[in-house]
$ cat target-v1.txt   # compact mmCIF, C-alpha atoms
# COMPACT_ATOMS: atom_id res chain seq x y z
CA MET A 12 -5.76 151.55 149.51
CA PRO A 13 -3.07 153.53 151.37
CA SER A 14 -3.23 151.12 154.31
CA THR A 15 -1.90 148.32 152.09
CA ILE A 16 1.38 150.14 151.46
CA PRO A 17 4.15 148.24 153.25
CA ARG A 18 5.69 150.11 156.13
CA VAL A 19 9.20 149.79 154.63
CA VAL A 20 7.94 151.67 151.57
CA ILE A 21 6.37 154.43 153.67
CA ASP A 22 9.69 154.67 155.53
CA ARG A 23 11.55 155.34 152.29
CA LEU A 24 9.17 158.00 150.94
CA PRO A 25 10.51 160.87 153.10
CA VAL A 26 13.95 160.40 151.54
CA TYR A 27 12.47 160.60 148.03
CA SER A 28 10.42 163.60 149.07
CA ARG A 29 13.51 165.38 150.43
CA MET A 30 15.47 164.71 147.26
CA LEU A 31 12.63 165.99 145.07
CA ALA A 32 12.36 169.18 147.15
CA LEU A 33 16.09 169.75 146.64
CA LEU A 34 15.81 169.17 142.87
CA GLU A 35 12.86 171.54 142.73
CA ARG A 36 14.86 174.27 144.48
CA GLN A 37 17.57 173.69 141.87
CA GLY A 38 14.99 174.29 139.12
CA ARG A 39 14.95 170.71 137.82
CA GLN A 40 11.75 169.61 136.09
CA VAL A 41 12.32 165.93 135.38
CA VAL A 42 14.26 163.17 137.14
CA SER A 43 14.78 159.51 136.24
CA SER A 44 14.58 156.59 138.65
CA GLN A 45 18.18 155.90 137.54
CA GLU A 46 19.39 159.28 138.80
CA MET A 47 17.34 159.07 142.01
CA GLY A 48 18.75 155.62 142.64
CA GLU A 49 22.34 156.71 142.14
CA GLU A 50 21.93 159.72 144.39
CA LEU A 51 20.25 157.74 147.16
CA GLY A 52 22.25 154.54 146.86
CA VAL A 53 19.33 152.27 145.98
CA THR A 54 18.38 150.50 142.75
CA PRO A 55 16.20 152.31 140.18
CA ALA A 56 13.98 149.22 140.21
CA GLN A 57 13.26 149.73 143.90
CA ILE A 58 12.35 153.36 143.36
CA ARG A 59 10.01 152.46 140.50
CA LYS A 60 8.43 149.72 142.58
CA ASP A 61 8.00 151.95 145.65
CA LEU A 62 6.40 154.73 143.62
CA SER A 63 4.16 152.31 141.75
CA TYR A 64 2.06 151.97 144.92
CA PHE A 65 0.79 155.48 144.33
CA GLY A 66 -0.28 155.26 140.74
CA ARG A 67 1.59 156.15 137.59
CA PHE A 68 3.78 159.19 138.12
CA GLY A 69 6.35 158.61 135.44
CA LYS A 70 6.29 157.80 131.77
CA GLN A 71 8.50 155.00 130.51
CA GLY A 72 11.81 156.53 129.45
CA ARG A 73 10.73 160.09 130.25
CA GLY A 74 11.37 160.22 133.98
CA TYR A 75 9.26 161.72 136.73
CA ASN A 76 7.88 165.24 136.86
CA VAL A 77 9.79 166.62 139.87
CA GLN A 78 7.17 169.06 141.08
CA ARG A 79 4.17 166.80 140.60
CA LEU A 80 5.80 163.76 142.18
CA GLY A 81 7.08 165.90 145.06
CA GLU A 82 3.60 167.28 145.72
CA GLU A 83 1.99 163.86 145.55
CA LEU A 84 4.48 162.40 148.00
CA ARG A 85 4.00 165.31 150.38
CA THR A 86 0.24 164.78 150.26
CA ILE A 87 0.56 161.03 150.80
CA LEU A 88 2.90 161.56 153.74
CA GLY A 89 0.77 164.33 155.22
CA LEU A 90 3.56 166.89 154.85
CA ASP A 91 1.19 169.44 153.32
CA ARG A 92 0.08 170.50 156.79
CA GLN A 93 1.51 171.46 160.19
CA TRP A 94 1.99 168.92 162.98
CA THR A 95 2.19 169.83 166.66
CA MET A 96 4.55 168.21 169.13
CA THR A 97 5.23 168.17 172.85
CA LEU A 98 8.67 167.54 174.31
CA VAL A 99 9.23 165.69 177.57
CA GLY A 100 12.72 166.08 179.04
CA VAL A 101 14.58 169.39 178.84
CA GLY A 102 18.18 168.37 179.54
CA ASP A 103 21.05 168.97 177.11
CA LEU A 104 19.37 166.88 174.43
CA GLY A 105 15.94 168.45 175.01
CA ARG A 106 17.44 171.93 174.67
CA ALA A 107 19.13 170.97 171.40
CA ILE A 108 15.77 169.63 170.17
CA LEU A 109 13.95 172.82 171.21
CA SER A 110 16.46 175.03 169.43
CA TYR A 111 16.67 172.89 166.27
CA ARG A 112 15.07 174.86 163.46
CA GLY A 113 14.91 171.83 161.15
CA PHE A 114 11.66 170.69 162.78
CA SER A 115 9.62 173.86 162.28
CA LEU A 116 11.07 174.38 158.79
CA GLU A 117 9.50 171.06 157.85
CA GLY A 118 6.17 171.78 159.54
CA PHE A 119 6.77 170.14 162.93
CA ARG A 120 6.17 172.62 165.72
CA ILE A 121 7.01 172.02 169.38
CA VAL A 122 4.17 173.74 171.26
CA SER A 123 4.83 172.56 174.81
CA ALA A 124 7.63 171.10 176.93
CA PHE A 125 7.81 169.30 180.26
CA ASP A 126 10.45 168.36 182.81
CA CYS A 127 10.44 167.21 186.43
CA ASP A 128 13.45 169.26 187.56
CA PRO A 129 12.24 172.33 189.53
CA VAL A 130 15.34 174.23 188.32
CA VAL A 131 14.20 173.86 184.71
CA VAL A 132 10.42 174.14 185.19
CA GLY A 133 9.26 177.72 184.57
CA GLU A 134 12.17 178.51 182.25
CA LYS A 135 11.49 179.59 178.69
CA VAL A 136 13.58 177.85 176.03
CA GLY A 137 13.11 179.64 172.72
CA ASP A 138 9.44 180.55 172.94
CA VAL A 139 8.36 177.42 174.78
CA LEU A 140 7.70 177.48 178.54
CA VAL A 141 8.92 174.39 180.41
CA ARG A 142 6.11 173.03 182.59
CA ASP A 143 6.13 170.47 185.38
CA VAL A 144 5.44 167.00 184.02
CA SER A 145 2.47 166.69 186.43
CA GLU A 146 0.67 169.25 184.26
CA LEU A 147 0.99 167.05 181.19
CA PRO A 148 -2.53 165.54 181.21
CA SER A 149 -4.35 168.83 181.79
CA LEU A 150 -2.31 170.75 179.24
CA LEU A 151 -2.62 168.10 176.55
CA ARG A 152 -6.39 168.06 177.14
CA ARG A 153 -6.54 171.81 176.54
CA ARG A 154 -3.94 171.77 173.78
CA PRO A 155 -3.68 168.33 172.16
CA VAL A 156 -0.61 167.47 170.11
CA ASP A 157 -0.01 165.04 167.28
CA ILE A 158 3.41 163.79 168.37
CA GLY A 159 5.30 163.37 171.63
CA ILE A 160 9.10 163.63 171.80
CA VAL A 161 10.70 161.69 174.65
CA ALA A 162 14.12 162.97 175.72
CA VAL A 163 14.24 161.74 179.31
CA PRO A 164 16.72 159.22 180.80
CA ALA A 165 16.09 155.54 180.07
CA SER A 166 14.81 154.91 183.61
CA ALA A 167 11.95 157.41 183.18
CA ALA A 168 11.09 156.76 179.55
CA GLN A 169 8.51 153.97 179.86
CA ASP A 170 6.53 156.00 182.40
CA VAL A 171 6.59 159.10 180.19
CA ILE A 172 5.54 157.08 177.14
CA ASP A 173 2.66 155.55 179.14
CA ARG A 174 1.51 159.04 180.15
CA LEU A 175 1.65 160.33 176.58
CA ALA A 176 -0.29 157.29 175.35
CA ARG A 177 -2.95 157.82 178.04
CA CYS A 178 -3.29 161.43 176.87
CA GLY A 179 -4.12 160.20 173.37
CA VAL A 180 -0.78 160.88 171.69
CA LYS A 181 -0.62 158.48 168.75
CA ALA A 182 2.97 158.97 167.57
CA ILE A 183 6.11 159.11 169.65
CA LEU A 184 9.67 160.00 168.75
CA ASN A 185 11.75 158.29 171.41
CA TYR A 186 15.35 159.33 172.15
CA ALA A 187 15.69 157.13 175.26
CA PRO A 188 17.64 153.88 174.91
CA ILE A 189 14.78 151.50 175.71
CA SER A 190 12.38 149.26 173.79
CA PRO A 191 9.13 150.54 175.31
CA ARG A 192 5.78 148.74 175.44
CA VAL A 193 2.95 150.73 173.87
CA PRO A 194 -0.72 150.15 173.07
CA PRO A 195 -1.26 148.88 169.52
CA GLU A 196 -2.63 152.20 168.28
CA VAL A 197 0.54 154.10 169.20
CA ARG A 198 3.45 154.34 166.76
CA VAL A 199 6.92 154.74 168.24
CA ARG A 200 10.07 155.53 166.29
CA HIS A 201 13.45 155.56 167.92
CA ILE A 202 16.43 157.84 167.61
CA GLU A 203 19.21 155.73 169.01
CA PRO A 204 22.72 156.89 168.24
CA VAL A 205 24.31 154.19 170.41
CA LEU A 206 22.46 151.35 168.67
CA THR A 207 23.30 152.98 165.34
CA LEU A 208 27.00 153.11 166.26
CA GLN A 209 26.83 149.51 167.41
CA SER A 210 25.57 148.43 164.01
CA MET A 211 28.76 149.85 162.42
CA THR A 212 31.33 148.36 164.79
CA HIS A 213 30.94 144.88 163.33
CA TYR A 214 31.92 146.36 159.98
CA LEU A 215 34.86 148.30 161.50
CA LYS A 216 36.08 145.11 163.13
CA GLU A 217 36.02 143.35 159.78
CA CYS A 218 37.93 146.30 158.21
CA ASN A 219 40.62 146.11 160.89
CA ARG A 220 40.92 142.38 160.42
CA ALA A 221 41.39 142.81 156.65
CA LYS A 222 44.19 145.37 157.12
CA PRO A 223 47.72 144.15 156.36
CA SER A 224 49.61 144.16 159.65
CA MET B 7 31.80 133.52 157.66
CA PRO B 8 30.78 136.80 159.42
CA SER B 9 30.84 138.70 156.11
CA THR B 10 27.91 136.63 154.85
CA ILE B 11 25.60 137.88 157.61
CA PRO B 12 22.93 140.10 156.05
CA ARG B 13 23.17 143.73 157.07
CA VAL B 14 19.57 143.76 158.34
CA VAL B 15 20.54 141.01 160.78
CA ILE B 16 23.63 142.91 161.97
CA ASP B 17 21.38 145.95 162.45
CA ARG B 18 19.11 144.02 164.79
CA LEU B 19 21.85 142.52 166.96
CA PRO B 20 22.48 145.67 169.06
CA VAL B 21 18.85 145.57 170.21
CA TYR B 22 19.21 141.94 171.28
CA SER B 23 22.51 142.76 172.96
CA ARG B 24 20.95 145.64 174.88
CA MET B 25 18.05 143.47 176.05
CA LEU B 26 20.41 140.71 177.19
CA ALA B 27 22.54 143.21 179.13
CA LEU B 28 19.39 144.41 180.90
CA LEU B 29 18.32 140.84 181.73
CA GLU B 30 21.81 140.09 183.02
CA ARG B 31 21.69 143.10 185.35
CA GLN B 32 18.33 141.76 186.60
CA GLY B 33 20.04 138.46 187.43
CA ARG B 34 18.25 136.42 184.76
CA GLN B 35 20.07 133.32 183.53
CA VAL B 36 17.88 132.04 180.71
CA VAL B 37 15.57 133.68 178.19
CA SER B 38 13.39 132.22 175.45
CA SER B 39 13.08 133.53 171.90
CA GLN B 40 9.37 133.84 172.75
CA GLU B 41 10.04 136.28 175.61
CA MET B 42 12.64 138.23 173.62
CA GLY B 43 10.21 138.52 170.73
CA GLU B 44 7.38 139.78 172.94
CA GLU B 45 9.61 142.33 174.61
CA LEU B 46 11.04 143.63 171.33
CA GLY B 47 7.92 143.37 169.21
CA VAL B 48 9.29 140.85 166.70
CA THR B 49 8.47 137.20 166.10
CA PRO B 50 10.36 134.51 168.03
CA ALA B 51 11.05 132.87 164.66
CA GLN B 52 12.93 135.95 163.50
CA ILE B 53 15.06 136.00 166.65
CA ARG B 54 15.89 132.30 166.27
CA LYS B 55 16.75 132.82 162.61
CA ASP B 56 18.90 135.90 163.30
CA LEU B 57 20.83 134.15 166.05
CA SER B 58 21.26 130.99 163.99
CA TYR B 59 23.86 132.87 161.89
CA PHE B 60 26.19 132.70 164.84
CA GLY B 61 26.00 129.03 165.69
CA ARG B 62 23.86 127.22 168.21
CA PHE B 63 23.36 129.34 171.30
CA GLY B 64 20.12 127.88 172.55
CA LYS B 65 18.81 124.42 173.20
CA GLN B 66 15.39 123.50 171.86
CA GLY B 67 12.84 124.28 174.57
CA ARG B 68 15.45 125.44 177.08
CA GLY B 69 16.00 129.01 175.94
CA TYR B 70 19.22 130.97 175.61
CA ASN B 71 21.89 131.38 178.26
CA VAL B 72 21.64 135.13 178.88
CA GLN B 73 25.26 135.73 179.84
CA ARG B 74 26.81 133.56 177.17
CA LEU B 75 24.62 134.85 174.35
CA GLY B 76 25.20 138.43 175.51
CA GLU B 77 28.97 137.94 175.48
CA GLU B 78 28.91 136.31 172.07
CA LEU B 79 26.86 139.13 170.59
CA ARG B 80 29.15 141.77 172.10
CA THR B 81 32.16 139.98 170.62
CA ILE B 82 30.51 139.66 167.20
CA LEU B 83 29.54 143.33 167.24
CA GLY B 84 32.94 144.43 168.51
CA LEU B 85 31.45 145.86 171.70
CA ASP B 86 34.10 144.17 173.85
CA ARG B 87 36.52 147.03 173.15
CA GLN B 88 36.63 150.85 173.13
CA TRP B 89 35.98 152.89 169.96
CA THR B 90 37.24 156.42 169.46
CA MET B 91 35.24 159.16 167.77
CA THR B 92 35.70 162.70 166.53
CA LEU B 93 32.88 165.24 166.42
CA VAL B 94 32.58 167.88 163.72
CA GLY B 95 30.14 170.69 164.52
CA VAL B 96 29.81 172.07 168.04
CA GLY B 97 26.48 173.90 167.92
CA ASP B 98 23.53 173.07 170.19
CA LEU B 99 23.38 169.52 168.88
CA GLY B 100 27.16 169.04 169.05
CA ARG B 101 27.17 170.17 172.68
CA ALA B 102 24.36 167.74 173.54
CA ILE B 103 26.37 164.98 171.84
CA LEU B 104 29.55 165.92 173.75
CA SER B 105 27.76 165.92 177.07
CA TYR B 106 25.80 162.70 176.43
CA ARG B 107 27.18 160.06 178.77
CA GLY B 108 25.43 157.22 176.93
CA PHE B 109 28.25 157.05 174.37
CA SER B 110 31.16 156.55 176.77
CA LEU B 111 29.11 154.21 178.96
CA GLU B 112 28.85 151.93 175.93
CA GLY B 113 32.52 152.23 174.98
CA PHE B 114 32.31 155.07 172.43
CA ARG B 115 34.65 157.89 173.42
CA ILE B 116 34.74 161.30 171.74
CA VAL B 117 38.43 162.22 171.73
CA SER B 118 38.40 165.33 169.54
CA ALA B 119 35.99 167.98 168.26
CA PHE B 120 36.06 170.56 165.47
CA ASP B 121 34.12 173.64 164.45
CA CYS B 122 34.70 176.55 162.07
CA ASP B 123 33.25 179.27 164.33
CA PRO B 124 36.10 181.25 165.95
CA VAL B 125 33.85 181.90 168.95
CA VAL B 126 33.65 178.17 169.67
CA VAL B 127 37.17 177.14 168.64
CA GLY B 128 39.46 176.97 171.70
CA GLU B 129 36.59 176.30 174.09
CA LYS B 130 36.60 173.17 176.20
CA VAL B 131 33.31 171.25 176.26
CA GLY B 132 33.49 168.57 178.93
CA ASP B 133 37.11 167.49 178.62
CA VAL B 134 37.30 167.93 174.85
CA LEU B 135 38.99 170.97 173.31
CA VAL B 136 37.20 172.37 170.23
CA ARG B 137 39.72 172.81 167.38
CA ASP B 138 39.47 174.65 164.10
CA VAL B 139 38.26 172.34 161.35
CA SER B 140 41.39 173.17 159.31
CA GLU B 141 43.38 171.15 161.88
CA LEU B 142 41.31 168.04 161.19
CA PRO B 143 43.77 166.26 158.83
CA SER B 144 46.84 166.85 160.99
CA LEU B 145 45.13 165.92 164.22
CA LEU B 146 43.53 162.76 162.83
CA ARG B 147 46.97 161.73 161.49
CA ARG B 148 48.45 162.06 164.98
CA ARG B 149 45.40 160.68 166.73
CA PRO B 150 43.30 158.53 164.38
CA VAL B 151 39.71 157.74 165.26
CA ASP B 152 37.38 154.92 164.36
CA ILE B 153 34.22 156.94 163.85
CA GLY B 154 33.34 160.48 162.78
CA ILE B 155 30.20 162.24 164.04
CA VAL B 156 28.84 164.93 161.73
CA ALA B 157 26.70 167.56 163.44
CA VAL B 158 27.11 170.49 161.03
CA PRO B 159 24.37 172.19 158.97
CA ALA B 160 23.22 170.39 155.81
CA SER B 161 25.10 172.84 153.56
CA ALA B 162 28.48 171.92 155.10
CA ALA B 163 27.91 168.20 155.65
CA GLN B 164 29.11 166.74 152.33
CA ASP B 165 32.38 168.67 152.59
CA VAL B 166 32.95 167.50 156.17
CA ILE B 167 32.16 163.90 155.25
CA ASP B 168 34.63 164.12 152.31
CA ARG B 169 37.33 165.38 154.68
CA LEU B 170 36.69 162.61 157.18
CA ALA B 171 36.79 159.98 154.43
CA ARG B 172 40.10 161.41 153.12
CA CYS B 173 41.52 161.12 156.64
CA GLY B 174 40.73 157.41 156.62
CA VAL B 175 37.63 157.47 158.82
CA LYS B 176 35.66 154.34 157.86
CA ALA B 177 32.41 154.88 159.77
CA ILE B 178 30.34 158.04 160.00
CA LEU B 179 27.36 158.89 162.16
CA ASN B 180 25.63 161.68 160.26
CA TYR B 181 23.14 164.04 161.93
CA ALA B 182 22.83 166.38 158.92
CA PRO B 183 19.72 166.06 156.74
CA ILE B 184 21.48 165.03 153.52
CA SER B 185 22.10 161.82 151.57
CA PRO B 186 25.88 162.14 151.20
CA ARG B 187 28.07 160.45 148.62
CA VAL B 188 30.88 158.41 150.14
CA PRO B 189 33.60 156.07 148.88
CA PRO B 190 32.51 152.40 148.94
CA GLU B 191 34.70 151.57 151.93
CA VAL B 192 33.00 154.14 154.16
CA ARG B 193 29.87 153.23 156.14
CA VAL B 194 27.45 156.04 156.93
CA ARG B 195 24.50 155.81 159.26
CA HIS B 196 22.03 158.62 159.64
CA ILE B 197 20.28 160.11 162.63
CA GLU B 198 17.42 161.97 161.05
CA PRO B 199 14.62 163.00 163.36
CA VAL B 200 12.77 164.90 160.62
CA LEU B 201 12.72 161.91 158.24
CA THR B 202 11.70 159.73 161.16
CA LEU B 203 8.82 162.07 162.00
CA GLN B 204 7.81 162.13 158.35
CA SER B 205 7.50 158.36 158.32
CA MET B 206 4.85 158.61 161.08
CA THR B 207 2.69 161.36 159.62
CA HIS B 208 1.19 159.07 156.99
CA TYR B 209 -0.02 156.88 159.86
CA LEU B 210 -1.33 159.90 161.82
CA LYS B 211 -3.23 161.05 158.75
CA GLU B 212 -4.85 157.63 158.45
CA CYS B 213 -5.75 157.75 162.19
CA ASN B 214 -7.39 161.16 161.79
CA ARG B 215 -9.33 159.96 158.77
CA ALA B 216 -10.63 156.94 160.70
CA LYS B 217 -11.90 159.14 163.58
CA PRO B 218 -15.64 159.66 163.80
CA SER B 219 -16.28 163.34 163.09
$ encode --input "target-v1.txt" --output "structure tokens"
Amino acid sequence: MPSTIPRVVIDRLPVYSRMLALLERQGRQVVSSQEMGEELGVTPAQIRKDLSYFGRFGKQGRGYNVQRLGEELRTILGLDRQWTMTLVGVGDLGRAILSYRGFSLEGFRIVSAFDCDPVVVGEKVGDVLVRDVSELPSLLRRRPVDIGIVAVPASAAQDVIDRLARCGVKAILNYAPISPRVPPEVRVRHIEPVLTLQSMTHYLKECNRAKPS
Amino acid sequence: MPSTIPRVVIDRLPVYSRMLALLERQGRQVVSSQEMGEELGVTPAQIRKDLSYFGRFGKQGRGYNVQRLGEELRTILGLDRQWTMTLVGVGDLGRAILSYRGFSLEGFRIVSAFDCDPVVVGEKVGDVLVRDVSELPSLLRRRPVDIGIVAVPASAAQDVIDRLARCGVKAILNYAPISPRVPPEVRVRHIEPVLTLQSMTHYLKECNRAKPS
């Protein structure tokens, strides 16, 4: 049954889950799809429809039980366990990623890191030792990870993603500005600030045009 | 006419634009929707439909003129000009953002930066001086920007976004893990690695379940 959930729905669940965790910390017990919708900028109907894939959490007119819905979503998303990650590329961005506590707070732990720059290899960033990228296959055999983070320049990214895929990594978080080719069993998600900026400039242009001159 | 283009289409154009720029650098003159689709992992029909919003670029069976289509998309997206940005939050992430050359290479220039930590304020990162966040309104009045980048902790992000909106910033790139409230005229896009990771863990869970034990 879970495999029939549309990917766009799965993509929205983490946002619901985050909001529910916040409400729970605030001591809230019940929340309506109306309130969730207003807070998240989507329609209550969409929230009800998305959550309907997972059975009946709410009672008509009574709202959702914050704790129970939060737990269910965490279980569905697999957030009730730890996930291990490896980082490839320890430049400025890689360092920021290694020192970002938001990952481990949410159960995503970076357990190894690789670079090809001899100046960086051997350094410890936080409590992770940076290894030469040639050691990637042997280390991932000894210590497999769930997710690979790619923070290398665009020119090196496809090669790094190929290596991770060959080592059996099934999910990749890609910070490099490329559209990589991957085997069908590998999921890639992209963090692309430039593309994200470029999707707002059309709107800014329209704003400027509408301004009285 | 441009205001009737669905937002999901606008969101996909930067990817097409990036691919066309790459093909142009490789000296390619013509590309088919088939090839673009294969490269980007979408159907050729979707590419043809998306591009049909902007008039007739291609000829049936002849493919698209790489240079002309690329130029048109850049014009539509407003990528044929420079955009100025301010950064709020100069921690590890903020520093990585300031030193990332990918922004300026694509015409996005960070012209000012703010933090509230006295240790950081007054420092120069690259060629940008970090100012105290209290100077934000006066500086943005003297030197307005198109886009605000928010790289502060979650607890401070709504306040920073409110300030930027009050200063007339119409587009915000938000790295903080919150769903902020903004006035209707302000566009916000989020860079959220944790949410992105969380949208892959459901898939990883399903993979693990399918494994022979």
$ closest_atom_pairs --input "target-v1.txt" --of "segment 58-125 of chain A" --to "segment 106-113 of chain B" --cutoff "12 Å" --atoms "all atoms listed in the file" --output "JSON lines"
{"residue": "A:Gly102", "atom": "CA", "partner": "B:Tyr106", "partner_atom": "CA", "distance": 10.0}
{"residue": "A:Asp103", "atom": "CA", "partner": "B:Tyr106", "partner_atom": "CA", "distance": 7.9}
{"residue": "A:Leu104", "atom": "CA", "partner": "B:Tyr106", "partner_atom": "CA", "distance": 7.9}
{"residue": "A:Gly105", "atom": "CA", "partner": "B:Tyr106", "partner_atom": "CA", "distance": 11.5}
{"residue": "A:Ala107", "atom": "CA", "partner": "B:Tyr106", "partner_atom": "CA", "distance": 11.8}
$ atom_distance --input "target-v1.txt" --atom1 "atom CA of Tyr22 of chain B" --atom2 "atom CA of Leu46 of chain B"
8.3 Å
$ closest_atom_pairs --input "target-v1.txt" --of "chain B" --to "chain A" --cutoff "6 Å" --atoms "all atoms listed in the file" --output "Markdown table"
| residue | atom | partner | partner_atom | distance |
| --- | --- | --- | --- | --- |
| B:Asp17 | CA | A:Ser210 | CA | 5.1 |
| B:Pro20 | CA | A:Leu206 | CA | 5.7 |
| B:Leu83 | CA | A:His213 | CA | 4.4 |
| B:Gly84 | CA | A:His213 | CA | 5.6 |
| B:Asp98 | CA | A:Ala107 | CA | 5.0 |
| B:Leu99 | CA | A:Ala107 | CA | 5.1 |
| B:Ala102 | CA | A:Asp103 | CA | 5.0 |
| B:Leu201 | CA | A:Pro25 | CA | 5.7 |
| B:Ser205 | CA | A:Asp22 | CA | 5.1 |
| B:Thr207 | CA | A:Gly89 | CA | 5.6 |
| B:His208 | CA | A:Leu88 | CA | 4.4 |
$ write_last_selection --input "target-v1.txt" --atoms "C-alpha atoms" --output "CSV table (one decimal), in the coordinates of the input"
chain,number,residue,atom,x,y,z
B,17,ASP,CA,21.4,146.0,162.4
B,20,PRO,CA,22.5,145.7,169.1
B,83,LEU,CA,29.5,143.3,167.2
B,84,GLY,CA,32.9,144.4,168.5
B,98,ASP,CA,23.5,173.1,170.2
B,99,LEU,CA,23.4,169.5,168.9
B,102,ALA,CA,24.4,167.7,173.5
B,201,LEU,CA,12.7,161.9,158.2
B,205,SER,CA,7.5,158.4,158.3
B,207,THR,CA,2.7,161.4,159.6
B,208,HIS,CA,1.2,159.1,157.0
$ atom_distance --input "target-v1.txt" --atom1 "atom CA of Val77 of chain A" --atom2 "atom CA of Leu62 of chain A"
12.9 Å
$ closest_residue --input "target-v1.txt" --among "A:Arg39, A:Asn76, A:Val99, A:Arg174" --to "Val131 of chain A" --atoms "only C-alpha atoms"
A:Val99
$ atom_distance --input "target-v1.txt" --atom1 "atom CA of Asp170 of chain A" --atom2 "atom CA of Ala124 of chain A"
16.1 Å
$ closest_residue --input "target-v1.txt" --among "B:Gly174, B:Gly95, B:Pro189, B:Gly154" --to "Arg115 of chain B" --atoms "all atoms listed in the file"
B:Gly154
$ axis_aligned_box --input "target-v1.txt" --around "segment 162-172 of chain A" --padding-each-side "5 Å" --output "AutoDock Vina command-line options"
--center_x 11.1 --center_y 158.5 --center_z 179.7 --size_x 21.2 --size_y 19.0 --size_z 17.9
